[in-house]
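Undergrad: Below you'll find the structure I mean.
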Amino acid sequence: MAHSPAYFLAAGAADREFSWRHAAAEKISDPVIHQLIDKIRVGIPPTDNVSRYRQGATVTIRTKDGRTSTSTVFEPKGAAARGITWYDVNTKYRTLVPQAGVPERQIEASLAIIHDFRDVDQMSKLIDLLRV
């Protein structure tokens with residue numbers, strides 16, 4: 001999943017959005033997403049605006065009745081080039097860290113330390129909160 005553009009596209013089409021929740025085992029094994037993965041075809045790499053594609057892509061969806069819809073994103077939300085907000089960090093952290101079995105109380109306490117990381121005097125405070 002981590003390096004599968006086909007998964008990203010299929011999950012986004014199936015759920016009409018793509019987020020960190022798609023890193024969960026439940027979504028990775030979702031049969032609807034896997035049916036769509038088999039329908040994805042990689043086209044030729046872009047030749048125009050190549051330097052503008054920063055982890056982006058052009059996607060074309062073709063329906064059974066022949067209609068098409070195309071969209072291009074040069075820098076997706078969350079790309080470092082666009083800047084990453086604390087909202088993005090918090091959302092990713094609160095979505096992924098529970099998958100490691102870390103209790104919510106420890107997640108929130110460790111996230112507070114991350115927010116004030118410049119003032120941390122001992123890394124062990126953060127490490128201890130991430131132990132299950």
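Just so we're on the same page: first chain in the structure tokens is A, next is B, and so on; residues restart at 1 for each chain, and ligands are numbered from 1 in the order they show up.
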Residues within 10 Å of A:Gln99, please, as a list of chain:residue names. Count only C-alpha atoms; anything in the same chain fewer than 6 positions from it doesn't count.
TA: A:Ala23, A:Ala24, A:Ala25
Undergrad: Using the selection just defined, write its residues with N, CA and C atoms as a short mmCIF file (atom, residue, chain, number, x, y, z; two decimals), in the first residue's frame.
TA:
```cif
data_model
loop_
_atom_site.label_atom_id
_atom_site.label_comp_id
_atom_site.auth_asym_id
_atom_site.auth_seq_id
_atom_site.Cartn_x
_atom_site.Cartn_y
_atom_site.Cartn_z
N ALA A 23 -4.47 3.57 5.47
CA ALA A 23 -3.29 2.79 5.85
C ALA A 23 -3.65 1.66 6.81
N ALA A 24 -4.92 1.58 7.21
CA ALA A 24 -5.37 0.54 8.13
C ALA A 24 -5.60 -0.78 7.38
N ALA A 25 -5.38 -1.87 8.08
CA ALA A 25 -5.55 -3.20 7.48
C ALA A 25 -6.94 -3.39 6.89
#
```
Undergrad: For stretch 58-71 of chain A, work out the shell of residues within 12 Å, counting only C-alpha atoms and skipping chain neighbours fewer than 2 positions away, then give it as a ChimeraX atom specification.
TA: /A:5-6,8-10,12-13,36,39-50,52-56,73-76
Undergrad: In Å, rounded to a single decimal, give me how far atom CA of A:Asp128 is from atom CA of A:Ala109.
TA: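 Calculated distance between atom CA of A:Ala109 and atom CA of A:Asp128 is 10.6 Å.
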Undergrad: So that I can check the secondary structure, give me every residue of stretch 31-65 of chain A assigned strand (DSSP E) by backbone DSSP, as a ChimeraX atom specification.
TA: /A:57-62
Undergrad: Write a file of the selected residues as a PDB file, in the first residue's frame, keeping N, CA and C atoms.
TA:
```
ATOM      1  N   ALA A  57      -0.086  13.840 -10.018  1.00  0.00           N
ATOM      2  CA  ALA A  57      -0.463  12.924 -11.088  1.00  0.00           C
ATOM      3  C   ALA A  57      -1.623  13.502 -11.879  1.00  0.00           C
ATOM      4  N   THR A  58      -1.827  12.945 -13.052  1.00  0.00           N
ATOM      5  CA  THR A  58      -3.035  13.184 -13.819  1.00  0.00           C
ATOM      6  C   THR A  58      -3.813  11.881 -13.836  1.00  0.00           C
ATOM      7  N   VAL A  59      -5.078  11.957 -13.496  1.00  0.00           N
ATOM      8  CA  VAL A  59      -5.928  10.779 -13.435  1.00  0.00           C
ATOM      9  C   VAL A  59      -7.107  10.975 -14.372  1.00  0.00           C
ATOM     10  N   THR A  60      -7.383   9.953 -15.151  1.00  0.00           N
ATOM     11  CA  THR A  60      -8.558   9.947 -16.016  1.00  0.00           C
ATOM     12  C   THR A  60      -9.422   8.752 -15.642  1.00  0.00           C
ATOM     13  N   ILE A  61     -10.674   9.018 -15.393  1.00  0.00           N
ATOM     14  CA  ILE A  61     -11.627   7.947 -15.098  1.00  0.00           C
ATOM     15  C   ILE A  61     -12.517   7.777 -16.325  1.00  0.00           C
ATOM     16  N   ARG A  62     -12.585   6.532 -16.816  1.00  0.00           N
ATOM     17  CA  ARG A  62     -13.453   6.193 -17.939  1.00  0.00           C
ATOM     18  C   ARG A  62     -14.580   5.308 -17.425  1.00  0.00           C
TER      19      ARG A  62
END
```
Undergrad: Quick one: pull the distance between atom CA of A:Arg118 and atom CA of A:Lys77, Å, one decimal.
TA: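 If I compute the distance from atom CA of A:Arg118 to atom CA of A:Lys77, I get 26.1 Å.
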